[in-house]
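Below: the structure, in structure tokens.
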Amino acid sequence: MATVEGTHTQGNGGRTVRYRAEYEVKGTAIHFRATFDGGASSHDGQFDFDPGKLAAAAAVDAFLQNHIEKADWDAAP
């Protein structure tokens, strides 16, 4: 499986969340398993993408950035 690693800073200068995702591409679908900050939590899933517009690794990274950003909103008071 291919791997992508990255970070996301929560809010305005908040905590930095590190992530690592293993993924595979099947046609226009990406199946992934991501772990966050030391493997304490993980997320499995899949999403569709257009390989003509975006490389798979960039699509996984963008998806995870968006996923973490949405989680920031869910946790906000």
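In the structure tokens, chains take the letters A, B, ... in the order shown, each chain's residues start at 1, and ligands count up from 1 in the order shown.
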(request) Identify all residues of chain A in helix (DSSP H, G or I) (DSSP on the backbone) and supply them as a PyMOL selection string. (result) chain A and resi 37-39+56-75
(message) Quick one: residues within 8 Å of Arg20 of chain A, only C-alpha atoms, excluding same-chain residues fewer than 3 positions away - as number ranges by chain?
(response) A: 3-6, 34-36
Would you mind exporting the chosen residues as a PDB file, in the first residue's frame, restricted to all heavy atoms?
```
ATOM      1  N   THR A   3       1.638   5.221   1.035  1.00  0.00           N
ATOM      2  CA  THR A   3       1.499   5.937   2.309  1.00  0.00           C
ATOM      3  C   THR A   3       1.659   7.433   2.090  1.00  0.00           C
ATOM      4  O   THR A   3       2.481   7.863   1.276  1.00  0.00           O
ATOM      5  CB  THR A   3       2.572   5.472   3.313  1.00  0.00           C
ATOM      6  OG1 THR A   3       2.456   4.066   3.489  1.00  0.00           O
ATOM      7  CG2 THR A   3       2.405   6.144   4.653  1.00  0.00           C
ATOM      8  N   VAL A   4       0.884   8.205   2.833  1.00  0.00           N
ATOM      9  CA  VAL A   4       1.050   9.659   2.866  1.00  0.00           C
ATOM     10  C   VAL A   4       1.064  10.081   4.331  1.00  0.00           C
ATOM     11  O   VAL A   4       0.343   9.512   5.148  1.00  0.00           O
ATOM     12  CB  VAL A   4      -0.049  10.403   2.065  1.00  0.00           C
ATOM     13  CG1 VAL A   4      -1.402  10.233   2.669  1.00  0.00           C
ATOM     14  CG2 VAL A   4       0.273  11.869   1.902  1.00  0.00           C
ATOM     15  N   GLU A   5       1.941  11.020   4.670  1.00  0.00           N
ATOM     16  CA  GLU A   5       2.025  11.543   6.037  1.00  0.00           C
ATOM     17  C   GLU A   5       1.919  13.053   5.976  1.00  0.00           C
ATOM     18  O   GLU A   5       2.348  13.672   4.999  1.00  0.00           O
ATOM     19  CB  GLU A   5       3.345  11.143   6.689  1.00  0.00           C
ATOM     20  CG  GLU A   5       3.476   9.659   6.902  1.00  0.00           C
ATOM     21  CD  GLU A   5       4.753   9.264   7.621  1.00  0.00           C
ATOM     22  OE1 GLU A   5       5.476  10.160   8.094  1.00  0.00           O
ATOM     23  OE2 GLU A   5       5.023   8.067   7.701  1.00  0.00           O
ATOM     24  N   GLY A   6       1.356  13.636   7.021  1.00  0.00           N
ATOM     25  CA  GLY A   6       1.229  15.086   7.043  1.00  0.00           C
ATOM     26  C   GLY A   6       0.849  15.591   8.409  1.00  0.00           C
ATOM     27  O   GLY A   6       0.756  14.829   9.378  1.00  0.00           O
ATOM     28  N   ALA A  34      -6.306   5.751   8.093  1.00  0.00           N
ATOM     29  CA  ALA A  34      -5.477   6.821   8.635  1.00  0.00           C
ATOM     30  C   ALA A  34      -5.362   6.678  10.140  1.00  0.00           C
ATOM     31  O   ALA A  34      -6.322   6.311  10.811  1.00  0.00           O
ATOM     32  CB  ALA A  34      -6.084   8.179   8.295  1.00  0.00           C
ATOM     33  N   THR A  35      -4.176   6.963  10.656  1.00  0.00           N
ATOM     34  CA  THR A  35      -3.967   7.032  12.104  1.00  0.00           C
ATOM     35  C   THR A  35      -3.506   8.445  12.434  1.00  0.00           C
ATOM     36  O   THR A  35      -2.842   9.098  11.624  1.00  0.00           O
ATOM     37  CB  THR A  35      -2.927   6.001  12.586  1.00  0.00           C
ATOM     38  OG1 THR A  35      -1.722   6.176  11.843  1.00  0.00           O
ATOM     39  CG2 THR A  35      -3.430   4.583  12.412  1.00  0.00           C
ATOM     40  N   PHE A  36      -3.874   8.890  13.616  1.00  0.00           N
ATOM     41  CA  PHE A  36      -3.590  10.256  14.031  1.00  0.00           C
ATOM     42  C   PHE A  36      -2.797  10.255  15.328  1.00  0.00           C
ATOM     43  O   PHE A  36      -3.093   9.476  16.235  1.00  0.00           O
ATOM     44  CB  PHE A  36      -4.896  11.026  14.248  1.00  0.00           C
ATOM     45  CG  PHE A  36      -5.776  11.019  13.031  1.00  0.00           C
ATOM     46  CD1 PHE A  36      -6.747  10.050  12.863  1.00  0.00           C
ATOM     47  CD2 PHE A  36      -5.619  11.983  12.049  1.00  0.00           C
ATOM     48  CE1 PHE A  36      -7.555  10.037  11.745  1.00  0.00           C
ATOM     49  CE2 PHE A  36      -6.419  11.981  10.926  1.00  0.00           C
ATOM     50  CZ  PHE A  36      -7.398  11.000  10.769  1.00  0.00           C
TER      51      PHE A  36
END
```
(message) Need to verify the contact set: Ala59 of chain A, 9 Å, only C-alpha atoms, exclusion of same-chain residues closer than 5 positions in sequence. Can you return it as number ranges by chain?
(response) A: 30, 49-51, 54, 64
(message) As an exercise, work out the distance from atom CA of Gln10 of chain A to atom CA of Glu24 of chain A in Å and give it to one decimal place.
(response)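 That distance, rounded to one decimal, is 27.1 Å.
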(message) Here is a test: counting only C-alpha atoms, which residue of A:Ala2, A:Gly11, A:Glu69, A:Ser41 is nearest to Ala57 of chain A?
(response)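 The closest residue to Ala57 of chain A is A:Ala2.
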(request) Would you mind telling me which residue in A:Thr9, A:His43, A:Arg15, A:Val60 lies nearest to Ala29 of chain A when using only C-alpha atoms? (result)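 Ranking A:Thr9, A:His43, A:Arg15, A:Val60 by distance to Ala29 of chain A, first place goes to A:Val60.
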